[in-house]
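Colleague: I'm passing along entry-v3.cif; it holds mmCIF, N, CA and C atoms and all ligand atoms.
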```cif
data_run
#
loop_
_atom_site.label_atom_id
_atom_site.label_comp_id
_atom_site.auth_asym_id
_atom_site.auth_seq_id
_atom_site.Cartn_x
_atom_site.Cartn_y
_atom_site.Cartn_z
N MET K 1 138.85 156.89 42.81
CA MET K 1 140.13 156.39 42.34
C MET K 1 140.05 154.87 42.19
N MET K 2 140.94 154.37 41.35
CA MET K 2 141.03 152.92 41.21
C MET K 2 141.64 152.33 42.49
N ALA K 3 141.31 151.09 42.78
CA ALA K 3 141.76 150.46 44.03
C ALA K 3 143.28 150.43 44.14
N TRP K 4 143.98 150.19 43.02
CA TRP K 4 145.45 150.13 43.11
C TRP K 4 146.03 151.51 43.38
N THR K 5 145.35 152.55 42.96
CA THR K 5 145.80 153.91 43.28
C THR K 5 145.65 154.16 44.77
N HIS K 6 144.50 153.74 45.33
CA HIS K 6 144.30 153.88 46.79
C HIS K 6 145.38 153.11 47.55
N ALA K 7 145.73 151.93 47.07
CA ALA K 7 146.78 151.14 47.73
C ALA K 7 148.12 151.87 47.70
N ALA K 8 148.45 152.46 46.55
CA ALA K 8 149.72 153.18 46.42
C ALA K 8 149.77 154.39 47.35
N ILE K 9 148.66 155.12 47.42
CA ILE K 9 148.59 156.28 48.32
C ILE K 9 148.79 155.81 49.76
N GLY K 10 148.13 154.73 50.14
CA GLY K 10 148.27 154.19 51.50
C GLY K 10 149.70 153.76 51.79
N ALA K 11 150.37 153.17 50.80
CA ALA K 11 151.77 152.75 50.98
C ALA K 11 152.68 153.95 51.18
N ALA K 12 152.34 155.07 50.54
CA ALA K 12 153.16 156.28 50.66
C ALA K 12 152.99 156.95 52.02
N ILE K 13 151.75 156.98 52.52
CA ILE K 13 151.51 157.72 53.77
C ILE K 13 151.53 156.83 55.01
N GLY K 14 151.42 155.52 54.83
CA GLY K 14 151.44 154.60 55.97
C GLY K 14 152.64 154.80 56.89
N PRO K 15 153.85 154.99 56.32
CA PRO K 15 155.03 155.18 57.18
C PRO K 15 154.97 156.42 58.07
N LEU K 16 154.05 157.34 57.80
CA LEU K 16 153.90 158.51 58.67
C LEU K 16 153.25 158.13 60.01
N ALA K 17 152.58 156.99 60.04
CA ALA K 17 151.87 156.55 61.24
C ALA K 17 152.84 155.85 62.20
N PRO K 18 152.51 155.84 63.50
CA PRO K 18 153.42 155.24 64.48
C PRO K 18 153.44 153.71 64.47
N ASP K 19 152.38 153.06 63.97
CA ASP K 19 152.34 151.60 63.98
C ASP K 19 151.45 151.10 62.84
N ASP K 20 151.39 149.77 62.69
CA ASP K 20 150.65 149.19 61.57
C ASP K 20 149.15 149.52 61.63
N ALA K 21 148.55 149.45 62.82
CA ALA K 21 147.11 149.74 62.94
C ALA K 21 146.81 151.18 62.56
N SER K 22 147.67 152.09 62.98
CA SER K 22 147.49 153.50 62.62
C SER K 22 147.72 153.71 61.13
N ALA K 23 148.68 152.96 60.55
CA ALA K 23 148.93 153.05 59.11
C ALA K 23 147.68 152.61 58.35
N PHE K 24 147.02 151.55 58.81
CA PHE K 24 145.77 151.09 58.20
C PHE K 24 144.72 152.20 58.27
N THR K 25 144.58 152.81 59.44
CA THR K 25 143.57 153.86 59.64
C THR K 25 143.84 155.06 58.75
N VAL K 26 145.09 155.50 58.68
CA VAL K 26 145.46 156.63 57.84
C VAL K 26 145.17 156.31 56.37
N GLY K 27 145.49 155.08 55.97
CA GLY K 27 145.19 154.66 54.60
C GLY K 27 143.70 154.70 54.31
N ALA K 28 142.89 154.19 55.25
CA ALA K 28 141.44 154.15 55.05
C ALA K 28 140.85 155.56 54.97
N ILE K 29 141.39 156.48 55.76
CA ILE K 29 140.91 157.87 55.71
C ILE K 29 141.33 158.53 54.39
N SER K 30 142.54 158.22 53.92
CA SER K 30 143.01 158.81 52.66
C SER K 30 142.11 158.44 51.49
N HIS K 31 141.45 157.30 51.59
CA HIS K 31 140.56 156.84 50.52
C HIS K 31 139.50 157.90 50.20
N GLY K 32 138.94 158.49 51.24
CA GLY K 32 137.89 159.50 51.04
C GLY K 32 138.42 160.73 50.33
N ALA K 33 139.58 161.20 50.75
CA ALA K 33 140.18 162.38 50.12
C ALA K 33 140.50 162.09 48.65
N ALA K 34 141.05 160.91 48.38
CA ALA K 34 141.42 160.57 47.00
C ALA K 34 140.19 160.41 46.11
N ASP K 35 139.10 159.91 46.67
CA ASP K 35 137.88 159.73 45.87
C ASP K 35 137.29 161.08 45.44
N LEU K 36 137.63 162.15 46.10
CA LEU K 36 137.08 163.47 45.75
C LEU K 36 137.76 164.07 44.52
N ILE K 37 138.94 163.56 44.17
CA ILE K 37 139.69 164.07 43.02
C ILE K 37 139.07 163.49 41.73
N PRO K 38 138.92 164.30 40.68
CA PRO K 38 138.40 163.74 39.42
C PRO K 38 139.24 162.54 38.97
N HIS K 39 138.55 161.46 38.57
CA HIS K 39 139.27 160.22 38.25
C HIS K 39 138.42 159.30 37.42
N ARG K 40 139.02 158.21 36.97
CA ARG K 40 138.31 157.17 36.24
C ARG K 40 138.33 155.88 37.06
N ASP K 41 137.19 155.21 37.11
CA ASP K 41 137.10 153.90 37.75
C ASP K 41 136.78 152.86 36.69
N PHE K 42 137.04 151.61 37.02
CA PHE K 42 136.75 150.49 36.12
C PHE K 42 135.95 149.44 36.87
N GLY K 43 135.51 148.41 36.17
CA GLY K 43 134.82 147.29 36.78
C GLY K 43 135.79 146.40 37.52
N MET K 44 135.25 145.46 38.28
CA MET K 44 136.09 144.56 39.07
C MET K 44 137.02 143.72 38.19
N ASN K 45 136.63 143.46 36.94
CA ASN K 45 137.47 142.65 36.05
C ASN K 45 138.80 143.34 35.75
N VAL K 46 138.84 144.65 35.85
CA VAL K 46 140.09 145.41 35.67
C VAL K 46 140.71 145.73 37.02
N GLU K 47 139.89 146.18 37.95
CA GLU K 47 140.39 146.66 39.25
C GLU K 47 141.07 145.56 40.07
N LEU K 48 140.47 144.39 40.14
CA LEU K 48 141.02 143.32 41.00
C LEU K 48 142.40 142.84 40.55
N PRO K 49 142.61 142.57 39.26
CA PRO K 49 143.97 142.14 38.87
C PRO K 49 145.03 143.22 39.13
N LEU K 50 144.71 144.49 38.87
CA LEU K 50 145.68 145.56 39.12
C LEU K 50 145.95 145.70 40.61
N LEU K 51 144.90 145.57 41.42
CA LEU K 51 145.08 145.62 42.88
C LEU K 51 145.98 144.47 43.34
N ALA K 52 145.75 143.29 42.79
CA ALA K 52 146.57 142.13 43.16
C ALA K 52 148.04 142.38 42.81
N VAL K 53 148.28 142.94 41.64
CA VAL K 53 149.66 143.21 41.20
C VAL K 53 150.36 144.16 42.17
N ILE K 54 149.69 145.26 42.51
CA ILE K 54 150.37 146.25 43.37
C ILE K 54 150.52 145.73 44.80
N MET K 55 149.55 144.94 45.28
CA MET K 55 149.68 144.41 46.64
C MET K 55 150.79 143.36 46.74
N VAL K 56 150.93 142.56 45.70
CA VAL K 56 152.03 141.59 45.69
C VAL K 56 153.36 142.35 45.67
N TYR K 57 153.43 143.41 44.86
CA TYR K 57 154.66 144.22 44.80
C TYR K 57 154.97 144.83 46.18
N ILE K 58 153.96 145.44 46.81
CA ILE K 58 154.18 146.11 48.10
C ILE K 58 154.58 145.07 49.16
N ALA K 59 153.92 143.91 49.17
CA ALA K 59 154.27 142.85 50.13
C ALA K 59 155.70 142.36 49.89
N TRP K 60 156.09 142.22 48.61
CA TRP K 60 157.44 141.76 48.28
C TRP K 60 158.48 142.83 48.66
N ARG K 61 158.17 144.07 48.34
CA ARG K 61 159.14 145.16 48.52
C ARG K 61 159.34 145.55 49.98
N TYR K 62 158.23 145.60 50.76
CA TYR K 62 158.31 146.13 52.13
C TYR K 62 157.99 145.10 53.19
N GLY K 63 157.39 143.98 52.79
CA GLY K 63 156.99 142.96 53.75
C GLY K 63 155.58 143.20 54.25
N VAL K 64 154.95 142.12 54.73
CA VAL K 64 153.56 142.25 55.19
C VAL K 64 153.50 142.81 56.61
N ARG K 65 154.64 142.96 57.24
CA ARG K 65 154.66 143.59 58.57
C ARG K 65 155.24 145.00 58.47
N SER K 66 154.91 145.70 57.40
CA SER K 66 155.41 147.07 57.22
C SER K 66 154.23 148.04 57.23
N LYS K 67 154.55 149.28 57.54
CA LYS K 67 153.51 150.31 57.52
C LYS K 67 153.10 150.62 56.09
N GLN K 68 154.01 150.42 55.13
CA GLN K 68 153.62 150.57 53.72
C GLN K 68 152.51 149.60 53.38
N PHE K 69 152.68 148.32 53.79
CA PHE K 69 151.69 147.29 53.47
C PHE K 69 150.35 147.60 54.14
N TRP K 70 150.37 147.90 55.43
CA TRP K 70 149.11 148.13 56.14
C TRP K 70 148.46 149.45 55.73
N GLY K 71 149.27 150.44 55.36
CA GLY K 71 148.69 151.67 54.78
C GLY K 71 147.98 151.37 53.47
N ALA K 72 148.59 150.49 52.66
CA ALA K 72 147.99 150.10 51.38
C ALA K 72 146.69 149.34 51.59
N VAL K 73 146.70 148.40 52.55
CA VAL K 73 145.47 147.64 52.84
C VAL K 73 144.37 148.60 53.30
N GLY K 74 144.73 149.53 54.19
CA GLY K 74 143.75 150.53 54.62
C GLY K 74 143.26 151.38 53.46
N GLY K 75 144.18 151.69 52.55
CA GLY K 75 143.83 152.54 51.40
C GLY K 75 142.76 151.93 50.51
N PHE K 76 142.89 150.65 50.21
CA PHE K 76 141.89 150.05 49.31
C PHE K 76 140.70 149.46 50.05
N SER K 77 140.81 149.29 51.38
CA SER K 77 139.77 148.56 52.12
C SER K 77 138.35 149.11 51.93
N PRO K 78 138.14 150.43 51.84
CA PRO K 78 136.75 150.88 51.62
C PRO K 78 136.16 150.36 50.30
N ASP K 79 137.00 150.01 49.34
CA ASP K 79 136.49 149.47 48.08
C ASP K 79 136.02 148.02 48.22
N ILE K 80 136.39 147.34 49.30
CA ILE K 80 135.83 146.00 49.56
C ILE K 80 134.32 146.12 49.70
N GLU K 81 133.91 147.19 50.40
CA GLU K 81 132.47 147.45 50.55
C GLU K 81 131.81 147.62 49.18
N ASN K 82 132.46 148.39 48.30
CA ASN K 82 131.93 148.58 46.94
C ASN K 82 131.75 147.25 46.23
N GLY K 83 132.75 146.40 46.33
CA GLY K 83 132.69 145.09 45.68
C GLY K 83 131.56 144.24 46.23
N LEU K 84 131.39 144.27 47.56
CA LEU K 84 130.32 143.47 48.17
C LEU K 84 128.94 143.99 47.77
N VAL K 85 128.81 145.30 47.57
CA VAL K 85 127.54 145.86 47.09
C VAL K 85 127.29 145.38 45.66
N LEU K 86 128.34 145.45 44.82
CA LEU K 86 128.19 145.02 43.42
C LEU K 86 127.84 143.53 43.32
N LEU K 87 128.36 142.73 44.27
CA LEU K 87 128.06 141.30 44.27
C LEU K 87 126.73 140.96 44.94
N GLY K 88 126.07 141.98 45.50
CA GLY K 88 124.77 141.76 46.14
C GLY K 88 124.88 141.23 47.56
N VAL K 89 126.09 141.22 48.13
CA VAL K 89 126.28 140.73 49.49
C VAL K 89 125.81 141.77 50.51
N LEU K 90 126.12 143.03 50.24
CA LEU K 90 125.68 144.13 51.09
C LEU K 90 124.56 144.90 50.37
N PRO K 91 123.58 145.39 51.12
CA PRO K 91 122.48 146.12 50.47
C PRO K 91 122.90 147.49 49.92
N ARG K 92 123.82 148.15 50.59
CA ARG K 92 124.26 149.48 50.14
C ARG K 92 125.59 149.84 50.81
N ALA K 93 126.25 150.83 50.20
CA ALA K 93 127.52 151.30 50.75
C ALA K 93 127.25 152.35 51.83
N ILE K 94 128.18 152.47 52.78
CA ILE K 94 128.06 153.51 53.80
C ILE K 94 129.29 154.43 53.84
N TYR K 95 130.40 154.04 53.16
CA TYR K 95 131.58 154.90 53.17
C TYR K 95 131.20 156.25 52.53
N PRO K 96 131.62 157.37 53.11
CA PRO K 96 131.10 158.68 52.71
C PRO K 96 131.36 159.14 51.27
N THR K 97 132.21 158.44 50.52
CA THR K 97 132.33 158.79 49.09
C THR K 97 131.66 157.74 48.22
N HIS K 98 131.06 156.72 48.83
CA HIS K 98 130.45 155.61 48.08
C HIS K 98 128.94 155.60 48.14
N THR K 99 128.36 156.43 48.98
CA THR K 99 126.90 156.44 49.13
C THR K 99 126.36 157.82 48.80
N LYS K 100 125.13 157.86 48.39
CA LYS K 100 124.50 159.16 48.10
C LYS K 100 123.61 159.59 49.28
N LYS K 101 123.66 158.85 50.38
CA LYS K 101 122.79 159.14 51.51
C LYS K 101 123.59 159.63 52.71
N ALA K 102 122.83 160.11 53.69
CA ALA K 102 123.37 160.47 55.00
C ALA K 102 124.60 161.37 54.91
N TRP K 103 125.78 160.81 55.13
CA TRP K 103 127.00 161.60 55.27
C TRP K 103 127.83 161.63 54.00
N TYR K 104 127.17 161.52 52.85
CA TYR K 104 127.87 161.58 51.56
C TYR K 104 128.65 162.89 51.43
N ILE K 105 129.93 162.79 51.11
CA ILE K 105 130.74 164.00 50.97
C ILE K 105 131.08 164.29 49.51
N GLY K 106 130.63 163.43 48.60
CA GLY K 106 130.86 163.68 47.18
C GLY K 106 131.76 162.63 46.56
N HIS K 107 131.94 162.76 45.26
CA HIS K 107 132.81 161.86 44.50
C HIS K 107 133.35 162.66 43.33
N GLY K 108 134.63 162.52 43.04
CA GLY K 108 135.24 163.29 41.95
C GLY K 108 134.58 163.01 40.62
N ARG K 109 134.52 164.04 39.78
CA ARG K 109 133.89 163.83 38.47
C ARG K 109 134.70 162.84 37.65
N LYS K 110 134.03 162.24 36.67
CA LYS K 110 134.69 161.25 35.84
C LYS K 110 135.63 161.92 34.83
N VAL K 111 136.79 161.34 34.62
CA VAL K 111 137.70 161.74 33.55
C VAL K 111 138.00 160.51 32.71
N ARG K 112 138.45 160.70 31.47
CA ARG K 112 138.65 159.56 30.57
C ARG K 112 139.99 158.86 30.77
N SER K 113 141.01 159.64 31.08
CA SER K 113 142.36 159.08 31.11
C SER K 113 142.72 158.50 32.48
N ILE K 114 143.49 157.41 32.47
CA ILE K 114 144.03 156.90 33.73
C ILE K 114 145.49 157.31 33.91
N VAL K 115 146.01 158.08 32.96
CA VAL K 115 147.41 158.52 33.06
C VAL K 115 147.69 159.27 34.36
N PRO K 116 146.82 160.20 34.78
CA PRO K 116 147.11 160.89 36.05
C PRO K 116 147.23 159.91 37.22
N GLN K 117 146.42 158.87 37.23
CA GLN K 117 146.50 157.88 38.32
C GLN K 117 147.80 157.09 38.23
N ILE K 118 148.24 156.77 37.04
CA ILE K 118 149.50 156.02 36.89
C ILE K 118 150.67 156.88 37.36
N ILE K 119 150.64 158.17 37.04
CA ILE K 119 151.68 159.09 37.51
C ILE K 119 151.65 159.18 39.03
N LEU K 120 150.44 159.29 39.58
CA LEU K 120 150.29 159.36 41.05
C LEU K 120 150.82 158.10 41.72
N ILE K 121 150.52 156.94 41.14
CA ILE K 121 151.02 155.67 41.68
C ILE K 121 152.55 155.66 41.68
N ALA K 122 153.15 156.10 40.58
CA ALA K 122 154.62 156.12 40.50
C ALA K 122 155.21 157.03 41.58
N ILE K 123 154.61 158.20 41.76
CA ILE K 123 155.09 159.13 42.80
C ILE K 123 154.94 158.49 44.17
N CYS K 124 153.79 157.90 44.43
CA CYS K 124 153.54 157.28 45.74
C CYS K 124 154.53 156.15 46.03
N LEU K 125 154.83 155.34 45.02
CA LEU K 125 155.77 154.24 45.24
C LEU K 125 157.18 154.77 45.49
N CYS K 126 157.52 155.91 44.90
CA CYS K 126 158.81 156.55 45.20
C CYS K 126 158.83 157.07 46.63
N VAL K 127 157.72 157.70 47.05
CA VAL K 127 157.63 158.21 48.43
C VAL K 127 157.71 157.05 49.43
N ALA K 128 157.06 155.94 49.11
CA ALA K 128 157.08 154.78 50.01
C ALA K 128 158.51 154.28 50.23
N GLU K 129 159.38 154.48 49.25
CA GLU K 129 160.79 154.05 49.35
C GLU K 129 161.55 154.84 50.42
N LEU K 130 161.09 156.07 50.70
CA LEU K 130 161.83 156.94 51.62
C LEU K 130 161.95 156.34 53.02
N ASP K 131 160.98 155.53 53.40
CA ASP K 131 160.98 154.95 54.75
C ASP K 131 160.94 153.43 54.67
N LYS K 132 161.71 152.88 53.73
CA LYS K 132 161.71 151.43 53.54
C LYS K 132 162.34 150.74 54.75
N PRO K 133 161.61 149.74 55.30
CA PRO K 133 162.19 148.99 56.43
C PRO K 133 163.46 148.24 55.99
N ASP K 134 164.40 148.03 56.91
CA ASP K 134 165.64 147.32 56.58
C ASP K 134 165.41 145.82 56.38
ZN ZN D 201 136.32 154.60 46.79
#
```
Take the structure in the file and write it out as structure tokens.

Modeller:
Amino acid sequence: MMAWTHAAIGAAIGPLAPDDASAFTVGAISHGAADLIPHRDFGMNVELPLLAVIMVYIAWRYGVRSKQFWGAVGGFSPDIENGLVLLGVLPRAIYPTHTKKAWYIGHGRKVRSIVPQIILIAICLCVAELDKPD
């Protein structure tokens, strides 16, 4: 999945966790499940600006001390590893949907359209509203 999709999923499920740290963990775990779904990915030139847009929105809408925000950070955080590998900072990825070695659990097949991800993001942002902090 694209990083902003992972962030939206994390924002939706983060409020299910009892605290911010747990929201981060739940978001990070959701990344693996979401990566198994057929999807389209882009290069960092597309992914980073879209991630910035959704994170600014989530921070503005729920605050940086919300479970939505920390779920979102957890959701996209495994992709930081991907970026560091692409930049040559890390030798290889170890997250189980990002590596072909050891504990690799797979990766969803490629699809051409990003419409399903945009629909999923919209649904997730609606779900995140259900537990909006006051
Ligand atoms: Zn991923």

Colleague: So that I can see what lies close to Phe76 of chain K, please list as a list in words the residues with an atom at most 6.5 Å from it, counting all atoms listed in the file and leaving out residues fewer than 2 positions away in the same chain.

Modeller: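 Skipping anything fewer than 2 positions along the chain leaves Ala3, His6, Ala7, Gly27, Ala28, Gly71, Ala72, Val73, Gly74, Pro78, Asp79 and Ile80 of chain K.
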
Colleague: Ligand ZN 201 (chain D): which residues are within 6.5 Å, counting all atoms listed in the file, as a list in words?

Modeller: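 Based on all atoms listed in the file, ligand ZN 201 (chain D) is surrounded within 6.5 Å by Met1, His31, Gly32, Asp35, Pro78, Asp79, Thr97 and His98 of chain K.
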
Colleague: Between atom C of Lys110 of chain K and atom C of Pro38 of chain K, what is the distance in Å, rounded to a tenth?

Modeller: 5.5 Å

Colleague: From the options K:Gly108, K:Trp4, K:Ser66, K:Ile121, which residue's atoms come nearest to Ile54 of chain K, counting all atoms listed in the file?

Modeller: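 Closest residue, counting all atoms listed in the file: K:Trp4.
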
Colleague: Taking all listed atoms of segment 98-107 of chain K, build the axis-aligned box, pad each of the six sides by 5 Å, then write its centre and edge lengths in Å to one decimal as AutoDock Vina command-line options.

Modeller:
```
--center_x 128.1 --center_y 159.9 --center_z 49.3 --size_x 20.6 --size_y 18.7 --size_z 21.9
```

Colleague: Within segment 9-123 of chain K, find each residue whose DSSP state, derived from the backbone, is helix (DSSP H, G or I), and express the selection as a PyMOL selection string.

Modeller: chain K and resi 9-16+20-35+44-62+67-76+78-86+115-123
